[in-house]
$ cat model.cif   # mmCIF, C-alpha atoms
data_run
#
loop_
_atom_site.label_atom_id
_atom_site.label_comp_id
_atom_site.auth_asym_id
_atom_site.auth_seq_id
_atom_site.Cartn_x
_atom_site.Cartn_y
_atom_site.Cartn_z
CA MET A 1 68.19 92.79 107.14
CA ARG A 2 70.69 93.86 109.78
CA SER A 3 73.51 96.23 108.90
CA ILE A 4 75.93 94.53 106.53
CA HIS A 5 78.76 96.35 108.29
CA GLU A 6 78.25 94.82 111.76
CA GLY A 7 80.86 92.59 113.36
CA PHE A 8 84.10 94.27 112.34
CA HIS A 9 87.37 94.05 114.21
CA ASP A 10 88.79 96.78 112.02
CA ARG A 11 86.18 99.14 110.54
CA LYS A 12 88.84 101.67 109.50
CA GLY A 13 90.70 98.97 107.60
CA TYR A 14 87.48 97.92 105.89
CA LEU A 15 86.85 101.43 104.61
CA GLU A 16 90.44 101.82 103.47
CA ARG A 17 90.14 98.55 101.57
CA LEU A 18 86.96 99.74 99.88
CA ALA A 19 88.68 102.94 98.77
CA LYS A 20 91.87 101.34 97.38
CA PRO A 21 90.59 100.11 94.00
CA MET A 22 88.75 103.40 93.36
CA GLN A 23 89.85 103.81 89.76
CA GLU A 24 88.73 100.28 88.99
CA LYS A 25 85.40 100.71 90.76
CA LEU A 26 84.72 103.91 88.84
CA ARG A 27 84.47 101.89 85.65
CA ILE A 28 80.78 101.88 86.52
CA ALA A 29 80.71 105.55 85.51
CA GLU A 30 81.14 104.52 81.87
CA HIS A 31 77.59 103.15 81.96
CA ILE A 32 75.83 106.09 83.65
CA PRO A 33 73.66 108.07 81.21
CA PRO A 34 75.60 111.27 80.39
CA HIS A 35 72.61 113.54 81.01
CA ALA A 36 71.41 111.83 84.19
CA SER A 37 69.88 114.17 86.76
CA LEU A 38 69.52 111.80 89.75
CA LEU A 39 71.72 108.82 90.69
CA LEU A 40 71.47 106.37 93.59
CA ASP A 41 74.48 104.55 95.09
CA VAL A 42 73.17 101.61 97.16
CA GLY A 43 75.34 100.40 100.05
CA CYS A 44 77.59 103.44 99.85
CA ALA A 45 79.44 102.85 103.18
CA ASP A 46 81.36 106.08 103.92
CA GLY A 47 80.53 107.49 100.50
CA ALA A 48 83.93 107.22 98.82
CA VAL A 49 82.53 106.07 95.47
CA THR A 50 79.51 108.35 95.83
CA ARG A 51 81.73 111.42 96.22
CA GLU A 52 83.79 110.49 93.18
CA LEU A 53 80.63 110.11 91.14
CA SER A 54 79.50 113.56 92.22
CA HIS A 55 82.83 114.96 90.96
CA LEU A 56 82.47 113.14 87.64
CA PHE A 57 78.86 114.31 87.22
CA PRO A 58 78.85 117.82 88.71
CA THR A 59 75.41 118.74 87.34
CA THR A 60 73.84 115.55 88.69
CA THR A 61 72.39 114.92 92.14
CA VAL A 62 74.03 111.81 93.60
CA HIS A 63 72.29 110.08 96.52
CA GLY A 64 74.09 107.47 98.66
CA ILE A 65 72.30 105.14 101.07
CA ASP A 66 73.57 102.63 103.62
CA LEU A 67 72.21 100.80 106.67
CA ASP A 68 75.16 101.73 108.91
CA ALA A 69 74.43 105.07 110.58
CA SER A 70 78.06 105.64 111.57
CA PHE A 71 79.21 105.23 107.98
CA ILE A 72 76.57 107.70 106.81
CA GLU A 73 77.78 110.14 109.46
CA GLN A 74 81.33 109.75 108.12
CA ALA A 75 80.03 110.29 104.60
CA HIS A 76 78.41 113.57 105.64
CA THR A 77 81.59 114.69 107.42
CA SER A 78 83.87 113.83 104.50
CA SER A 79 81.61 115.69 102.06
CA ARG A 80 81.12 118.81 104.14
CA ASP A 81 83.54 120.96 102.12
CA ALA A 82 82.69 119.56 98.70
CA VAL A 83 81.61 121.99 96.01
CA HIS A 84 78.83 119.65 94.93
CA PRO A 85 78.24 117.30 97.90
CA PRO A 86 76.18 114.13 97.47
CA ARG A 87 73.10 113.43 99.57
CA PHE A 88 73.53 110.67 102.15
CA GLU A 89 70.91 108.80 104.11
CA CYS A 90 70.57 105.76 106.37
CA VAL A 91 67.55 104.02 104.86
CA TYR A 92 66.43 100.70 103.42
CA LEU A 93 66.20 100.63 99.65
CA ARG A 94 62.67 99.23 99.86
CA ASP A 95 61.50 102.18 101.98
CA MET A 96 62.31 104.50 99.09
CA LEU A 97 59.54 102.96 96.98
CA ALA A 98 56.95 105.06 98.82
CA ARG A 99 58.68 108.27 97.72
CA PRO A 100 57.93 110.07 94.46
CA GLU A 101 61.52 110.45 93.26
CA ARG A 102 62.80 108.14 90.54
CA PHE A 103 66.39 107.71 89.36
CA ASP A 104 68.23 107.71 86.05
CA ALA A 105 70.75 105.14 87.29
CA ILE A 106 71.11 102.97 90.40
CA MET A 107 74.48 101.46 91.28
CA PHE A 108 75.31 98.39 93.35
CA THR A 109 79.09 98.53 93.71
CA SER A 110 80.54 95.44 95.44
CA VAL A 111 77.55 95.15 97.73
CA LEU A 112 75.00 92.61 96.43
CA HIS A 113 77.03 89.67 97.75
CA GLU A 114 76.60 91.28 101.19
CA PHE A 115 72.84 91.51 100.68
CA PHE A 116 73.01 87.73 100.22
CA SER A 117 75.29 87.05 103.19
CA TYR A 118 73.57 89.33 105.71
CA GLY A 119 70.03 89.17 104.39
CA GLU A 120 67.97 86.20 103.29
CA GLY A 121 70.20 84.76 100.61
CA THR A 122 69.22 84.94 96.97
CA SER A 123 65.80 86.41 97.79
CA SER A 124 67.47 89.53 99.23
CA VAL A 125 69.41 90.03 96.00
CA VAL A 126 66.27 89.52 93.91
CA LYS A 127 64.31 91.98 96.05
CA ALA A 128 67.06 94.59 95.83
CA ILE A 129 67.26 94.38 92.04
CA ALA A 130 63.45 94.40 91.69
CA ASP A 131 63.13 97.40 94.02
CA ALA A 132 65.84 99.25 92.11
CA PHE A 133 64.06 98.47 88.84
CA GLU A 134 60.87 100.00 90.23
CA LEU A 135 62.81 103.09 91.38
CA LEU A 136 64.10 103.80 87.87
CA HIS A 137 62.69 106.21 85.35
CA PRO A 138 61.72 104.46 82.12
CA GLY A 139 64.98 104.12 80.21
CA GLY A 140 66.99 104.25 83.44
CA LYS A 141 69.80 101.84 84.24
CA ILE A 142 70.84 99.43 86.96
CA ILE A 143 74.62 99.02 87.16
CA VAL A 144 75.99 96.07 89.12
CA ARG A 145 79.66 95.58 89.89
CA ASP A 146 80.40 92.53 92.02
CA MET A 147 82.07 89.13 92.24
CA ILE A 148 79.98 86.93 89.93
CA PHE A 149 81.01 83.59 88.44
CA SER A 150 79.44 81.30 85.87
CA GLU A 151 77.40 78.30 87.00
CA LYS A 152 79.88 76.11 85.12
CA ALA A 153 82.65 77.01 87.60
CA LYS A 154 80.80 75.09 90.33
CA LEU A 155 81.20 71.87 88.36
CA MET A 156 84.64 72.40 86.88
CA PRO A 157 87.57 70.70 88.67
CA ALA A 158 90.70 72.79 89.11
CA PRO A 159 93.35 70.35 90.40
CA SER A 160 96.44 72.35 89.47
CA ILE A 161 95.14 75.59 91.00
CA VAL A 162 93.93 73.85 94.16
CA SER A 163 97.21 71.98 94.61
CA LYS A 164 99.20 75.21 94.37
CA ILE A 165 96.93 76.90 96.91
CA ARG A 166 97.31 73.96 99.31
CA ALA A 167 101.10 73.98 98.86
CA ALA A 168 101.47 77.67 99.73
CA PRO A 169 103.14 78.41 103.09
CA ASP A 170 100.93 79.61 105.97
CA MET A 171 97.67 78.82 104.19
CA GLN A 172 96.64 75.69 106.11
CA SER A 173 94.59 77.33 108.85
CA ARG A 174 92.77 79.57 106.39
CA ILE A 175 92.05 76.70 104.05
CA ALA A 176 90.64 74.76 107.02
CA ASP A 177 88.42 77.72 108.01
CA PHE A 178 87.26 78.12 104.42
CA GLU A 179 86.43 74.44 103.96
CA ARG A 180 84.54 74.26 107.26
CA THR A 181 82.37 77.12 106.04
CA HIS A 182 82.05 76.50 102.30
CA GLY A 183 82.91 72.83 101.78
CA ALA A 184 85.88 71.15 100.14
CA MET A 185 88.02 73.26 97.85
CA GLU A 186 87.90 71.15 94.71
CA THR A 187 86.15 73.12 91.97
CA LEU A 188 87.19 76.23 90.07
CA HIS A 189 84.44 78.16 91.86
CA ALA A 190 85.74 77.17 95.30
CA ALA A 191 89.38 77.95 94.44
CA ASN A 192 88.43 81.30 92.92
CA HIS A 193 86.30 82.08 95.99
CA PHE A 194 89.19 81.36 98.36
CA LEU A 195 91.63 83.42 96.29
CA LEU A 196 89.38 86.46 96.56
CA LYS A 197 89.47 86.46 100.36
CA TYR A 198 92.56 84.74 101.82
CA PHE A 199 94.50 88.00 102.29
CA TYR A 200 91.89 89.84 104.40
CA SER A 201 93.64 89.16 107.69
CA ASP A 202 92.17 92.02 109.76
CA ASN A 203 88.59 90.76 109.47
CA TRP A 204 89.34 87.17 108.45
CA MET A 205 86.54 85.31 110.24
CA ARG A 206 83.91 87.75 108.97
CA GLU A 207 85.30 87.69 105.45
CA CYS A 208 85.67 83.91 105.51
CA ALA A 209 81.99 83.48 106.40
CA GLU A 210 80.73 85.71 103.58
CA GLU A 211 79.53 84.23 100.31
CA TYR A 212 81.53 86.26 97.82
CA ALA A 213 79.95 85.01 94.58
CA PRO A 214 76.63 83.47 95.60
CA VAL A 215 74.52 84.45 92.59
CA THR A 216 75.72 83.24 89.21
CA LEU A 217 75.95 85.02 85.88
CA GLU A 218 73.13 82.85 84.60
CA GLN A 219 70.89 83.73 87.56
CA TYR A 220 71.45 87.45 87.08
CA ARG A 221 70.66 87.17 83.37
CA SER A 222 67.44 85.30 84.16
CA LEU A 223 66.43 87.91 86.73
CA PHE A 224 67.02 90.80 84.32
CA MET A 225 65.04 88.97 81.63
CA LEU A 226 62.11 88.40 84.02
CA LEU A 227 62.05 92.10 84.83
CA GLY A 228 61.98 92.96 81.15
CA ALA A 229 65.35 94.73 81.31
CA SER A 230 67.78 94.66 78.42
CA ILE A 231 71.43 93.86 79.15
CA GLU A 232 73.47 96.65 77.56
CA HIS A 233 76.84 95.53 78.88
CA GLU A 234 78.22 92.42 80.54
CA GLU A 235 81.91 91.97 81.29
CA THR A 236 83.70 89.46 83.53
CA TYR A 237 87.43 89.89 84.16
CA LEU A 238 90.33 89.63 86.61
CA ILE A 239 91.71 92.92 87.87
CA PRO A 240 95.48 93.37 87.32
CA PHE A 241 96.29 93.72 91.03
CA LEU A 242 94.89 90.29 91.83
CA ARG A 243 96.43 88.72 88.75
CA GLY A 244 99.85 89.84 89.95
CA LYS A 245 99.20 88.90 93.58
CA TRP A 246 98.00 85.38 92.77
CA ARG A 247 100.92 84.85 90.41
CA THR A 248 103.33 85.84 93.18
CA ASP A 249 101.65 84.17 96.16
CA PHE A 250 100.72 80.86 94.49
CA LYS A 251 102.95 80.69 91.40
CA LEU A 252 99.90 80.42 89.14
CA SER A 253 100.59 80.24 85.42
CA ASP A 254 99.06 82.43 82.72
CA GLU A 255 96.84 79.53 81.70
CA GLU A 256 95.60 79.02 85.27
CA LEU A 257 95.04 82.75 85.75
CA SER A 258 93.01 82.90 82.53
CA ALA A 259 90.38 80.65 84.17
CA LEU A 260 89.98 82.93 87.22
CA HIS A 261 87.90 86.06 87.66
CA SER A 262 87.39 88.80 90.21
CA THR A 263 84.74 91.11 88.84
CA THR A 264 81.65 91.34 86.69
CA ILE A 265 79.94 94.51 85.54
CA PHE A 266 76.34 94.42 84.35
CA SER A 267 74.58 97.45 82.90
CA VAL A 268 70.88 96.86 82.26
CA GLN A 269 68.22 99.26 81.03
CA LYS A 270 64.56 99.57 81.91
CA PRO A 271 62.44 99.80 78.74
CA THR A 272 61.62 103.37 77.77
CA GLY A 273 57.96 102.51 77.37
CA GLN A 274 57.63 100.88 80.80
CA GLY A 275 55.94 102.99 83.44
CA VAL A 276 56.91 103.37 87.08
#

$ encode --input "model.cif" --output "structure tokens"
Amino acid sequence: MRSIHEGFHDRKGYLERLAKPMQEKLRIAEHIPPHASLLLDVGCADGAVTRELSHLFPTTTVHGIDLDASFIEQAHTSSRDAVHPPRFECVYLRDMLARPERFDAIMFTSVLHEFFSYGEGTSSVVKAIADAFELLHPGGKIIVRDMIFSEKAKLMPAPSIVSKIRAAPDMQSRIADFERTHGAMETLHAANHFLLKYFYSDNWMRECAEEYAPVTLEQYRSLFMLLGASIEHEETYLIPFLRGKWRTDFKLSDEELSALHSTTIFSVQKPTGQGV
């Protein structure tokens, strides 16, 4: 898989965007075992989340990995003066299987949809989760935070939401780009997908092409079940910032907003009796 961070017009803007919802992203910390000794942050970019995790868990070694060497260099630079700096490395997750170290928790924070878009589709997501599962200590956790919708949303019409999106000023060219790439905007899934990306103007063509919610809730549950993992926490919700933005930009009602989502968090545990 090539670097998921290739093809930017505005790399600085991308990193700033990743850092903005930091408090919201750090909800993953609620699911990290309190006495964890070794954590892995997969797809860490410039290490913003990784550094915050190292502050929250000062007695824990936090390891961040990414395929973009320049981002890893930035991560090292930004962590140089930290009291308890994370470890950063440019390496494929799969290459870590040959090493002896195993982790108490492995995080995928807003990155698995990029494994899909810049890898080999669903198989890249499956491989990443399976590799992470193998890299866990027995009893360790995989924590996923990403854009994940239910399978039902692909079949559910959303005429009022779609009509309001189409009626919004200055949206026509972006709707056309979106529909050329992803098909007609008719279902709840398609409308929700568009709403998650329409405002990324600096890297619009790259963002437009990405599949933001390619793997469904049901597919993730099936994958975790096949691995023998137990789902400790599952939560799907709409973050307040987007709720307010969509209400303002498209005049969506409370009822319409209640059908839309931005984020799912899964926390799954490897059985304590299962070996490496």

$ closest_residue --input "model.cif" --among "A:Arg99, A:Lys152, A:Arg206, A:Arg166" --to "Leu135 in chain A" --atoms "all atoms listed in the file"
A:Arg99

$ resolve_selection --input "model.cif" --expression "the PyMOL selection byres ((chain A and resi 128-134) around 9)" --output "PyMOL selection string"
chain A and resi 93-94+96-97+102-103+106-107+112+115+123-127+135-137+140-142+223-224+227+229+269-270+275-276

$ residues_around --input "model.cif" --residues "Ile239 in chain A" --least-positions-apart "2" --cutoff "10 Å" --atoms "all atoms listed in the file" --output "list of chain:residue names"
A:Pro21, A:Glu24, A:Thr236, A:Tyr237, A:Phe241, A:Leu242, A:Arg243, A:Gly244, A:His261, A:Ser262, A:Thr263

$ residues_around --input "model.cif" --residues "Ala176 in chain A" --least-positions-apart "6" --cutoff "12 Å" --atoms "only C-alpha atoms" --output "PyMOL selection string"
chain A and resi 166+170+182-185+194+198+205+208

$ write_last_selection --input "model.cif" --atoms "C-alpha atoms" --output "PDB file, in the coordinates of the input"
ATOM      1  CA  ARG A 166      97.310  73.960  99.310  1.00  0.00           C
ATOM      2  CA  ASP A 170     100.930  79.610 105.970  1.00  0.00           C
ATOM      3  CA  HIS A 182      82.050  76.500 102.300  1.00  0.00           C
ATOM      4  CA  GLY A 183      82.910  72.830 101.780  1.00  0.00           C
ATOM      5  CA  ALA A 184      85.880  71.150 100.140  1.00  0.00           C
ATOM      6  CA  MET A 185      88.020  73.260  97.850  1.00  0.00           C
ATOM      7  CA  PHE A 194      89.190  81.360  98.360  1.00  0.00           C
ATOM      8  CA  TYR A 198      92.560  84.740 101.820  1.00  0.00           C
ATOM      9  CA  MET A 205      86.540  85.310 110.240  1.00  0.00           C
ATOM     10  CA  CYS A 208      85.670  83.910 105.510  1.00  0.00           C
TER      11      CYS A 208
END

$ resolve_selection --input "model.cif" --expression "the PyMOL selection byres ((chain A and resi 91) around 8)" --output "VMD selection string"
chain A and resid 65 to 67 89 to 90 92 to 93 95 to 96

$ write_last_selection --input "model.cif" --atoms "C-alpha atoms" --output "tab-separated table (two decimals), in the coordinates of the input"
chain	number	residue	atom	x	y	z
A	65	ILE	CA	72.30	105.14	101.07
A	66	ASP	CA	73.57	102.63	103.62
A	67	LEU	CA	72.21	100.80	106.67
A	89	GLU	CA	70.91	108.80	104.11
A	90	CYS	CA	70.57	105.76	106.37
A	92	TYR	CA	66.43	100.70	103.42
A	93	LEU	CA	66.20	100.63	99.65
A	95	ASP	CA	61.50	102.18	101.98
A	96	MET	CA	62.31	104.50	99.09

$ residues_around --input "model.cif" --residues "range 32-49 of chain A" --least-positions-apart "4" --cutoff "9 Å" --atoms "all atoms listed in the file" --output "ChimeraX atom specification"
/A:4-5,15,18-19,22,25-26,28,53-54,57,59-68,70-76,78-79,86,88,93,101-112,140-143,267

$ atom_distance --input "model.cif" --atom1 "CA of Leu188 in chain A" --atom2 "CA of Pro169 in chain A"
20.7 Å

$ residues_around --input "model.cif" --residues "range 209-215 of chain A" --least-positions-apart "3" --cutoff "6 Å" --atoms "all atoms listed in the file" --output "number ranges by chain"
A: 113, 117, 147-148, 206

$ residues_around --input "model.cif" --residues "Ala167 in chain A" --least-positions-apart "6" --cutoff "12 Å" --atoms "all atoms listed in the file" --output "list of chain:residue names"
A:Ser160, A:Ile161, A:Ile175, A:Asp249, A:Phe250, A:Lys251, A:Leu252

$ closest_residue --input "model.cif" --among "A:Asn203, A:Ser222, A:Asn192, A:Gln172" --to "Leu238 in chain A" --atoms "all atoms listed in the file"
A:Asn192

$ build_atoms --input "model.cif" --residues "range 203-214 of chain A" --atoms "all heavy atoms" --output "CSV table (one decimal), keeping the file's coordinate frame"
chain,number,residue,atom,x,y,z
A,203,ASN,N,90.0,91.2,109.2
A,203,ASN,CA,88.6,90.8,109.5
A,203,ASN,C,88.4,89.3,108.9
A,203,ASN,O,87.3,89.1,108.4
A,203,ASN,CB,87.6,91.7,108.8
A,203,ASN,CG,87.6,93.1,109.5
A,203,ASN,OD1,87.4,93.2,110.7
A,203,ASN,ND2,87.9,94.1,108.7
A,204,TRP,N,89.4,88.5,109.1
A,204,TRP,CA,89.3,87.2,108.4
A,204,TRP,C,88.1,86.4,108.7
A,204,TRP,O,87.5,85.9,107.8
A,204,TRP,CB,90.6,86.3,108.8
A,204,TRP,CG,90.4,84.9,108.4
A,204,TRP,CD1,90.4,83.8,109.2
A,204,TRP,CD2,90.3,84.4,107.0
A,204,TRP,NE1,90.2,82.7,108.4
A,204,TRP,CE2,90.2,83.0,107.1
A,204,TRP,CE3,90.3,85.1,105.8
A,204,TRP,CZ2,90.0,82.2,105.9
A,204,TRP,CZ3,90.1,84.3,104.6
A,204,TRP,CH2,90.0,82.9,104.7
A,205,MET,N,87.7,86.2,110.0
A,205,MET,CA,86.5,85.3,110.2
A,205,MET,C,85.2,85.9,109.6
A,205,MET,O,84.4,85.1,109.1
A,205,MET,CB,86.4,85.1,111.7
A,205,MET,CG,87.5,84.3,112.4
A,205,MET,SD,88.0,82.8,111.4
A,205,MET,CE,86.5,81.8,111.6
A,206,ARG,N,85.1,87.2,109.6
A,206,ARG,CA,83.9,87.8,109.0
A,206,ARG,C,84.0,87.6,107.5
A,206,ARG,O,83.0,87.2,106.8
A,206,ARG,CB,83.8,89.2,109.3
A,206,ARG,CG,82.6,89.9,108.7
A,206,ARG,CD,82.7,91.4,109.0
A,206,ARG,NE,81.5,92.1,108.6
A,206,ARG,CZ,81.2,92.5,107.4
A,206,ARG,NH1,82.1,92.3,106.4
A,206,ARG,NH2,80.1,93.1,107.1
A,207,GLU,N,85.1,87.8,106.9
A,207,GLU,CA,85.3,87.7,105.4
A,207,GLU,C,85.2,86.2,105.0
A,207,GLU,O,84.6,85.9,104.0
A,207,GLU,CB,86.7,88.2,105.0
A,207,GLU,CG,86.8,89.7,105.3
A,207,GLU,CD,86.0,90.6,104.4
A,207,GLU,OE1,85.4,90.1,103.4
A,207,GLU,OE2,85.8,91.8,104.7
A,208,CYS,N,85.7,85.3,105.8
A,208,CYS,CA,85.7,83.9,105.5
A,208,CYS,C,84.2,83.5,105.4
A,208,CYS,O,83.8,82.7,104.6
A,208,CYS,CB,86.4,83.1,106.5
A,208,CYS,SG,86.4,81.3,106.2
A,209,ALA,N,83.4,83.9,106.3
A,209,ALA,CA,82.0,83.5,106.4
A,209,ALA,C,81.1,84.0,105.2
A,209,ALA,O,80.1,83.4,104.9
A,209,ALA,CB,81.4,83.9,107.7
A,210,GLU,N,81.5,85.1,104.7
A,210,GLU,CA,80.7,85.7,103.6
A,210,GLU,C,80.7,84.8,102.3
A,210,GLU,O,81.7,84.2,102.0
A,210,GLU,CB,81.2,87.1,103.2
A,210,GLU,CG,80.8,88.2,104.1
A,210,GLU,CD,81.1,89.6,103.6
A,210,GLU,OE1,81.5,89.7,102.4
A,210,GLU,OE2,81.0,90.6,104.3
A,211,GLU,N,79.6,84.8,101.7
A,211,GLU,CA,79.5,84.2,100.3
A,211,GLU,C,79.9,85.3,99.3
A,211,GLU,O,79.1,86.3,99.1
A,211,GLU,CB,78.1,83.7,100.0
A,211,GLU,CG,77.7,82.5,100.9
A,211,GLU,CD,78.4,81.2,100.4
A,211,GLU,OE1,79.0,81.3,99.3
A,211,GLU,OE2,78.2,80.2,101.1
A,212,TYR,N,81.1,85.2,98.7
A,212,TYR,CA,81.5,86.3,97.8
A,212,TYR,C,80.9,86.2,96.4
A,212,TYR,O,80.7,87.3,95.8
A,212,TYR,CB,83.0,86.1,97.6
A,212,TYR,CG,83.9,86.9,98.6
A,212,TYR,CD1,83.3,87.4,99.8
A,212,TYR,CD2,85.2,87.2,98.4
A,212,TYR,CE1,84.1,88.1,100.8
A,212,TYR,CE2,86.0,87.9,99.3
A,212,TYR,CZ,85.4,88.3,100.5
A,212,TYR,OH,86.2,89.0,101.4
A,213,ALA,N,80.5,85.1,95.9
A,213,ALA,CA,80.0,85.0,94.6
A,213,ALA,C,78.8,84.1,94.6
A,213,ALA,O,78.7,83.0,93.9
A,213,ALA,CB,81.0,84.5,93.6
A,214,PRO,N,77.7,84.4,95.4
A,214,PRO,CA,76.6,83.5,95.6
A,214,PRO,C,75.6,83.4,94.5
A,214,PRO,O,75.0,82.3,94.3
A,214,PRO,CB,76.0,84.0,96.9
A,214,PRO,CG,76.2,85.5,96.8
A,214,PRO,CD,77.6,85.7,96.2
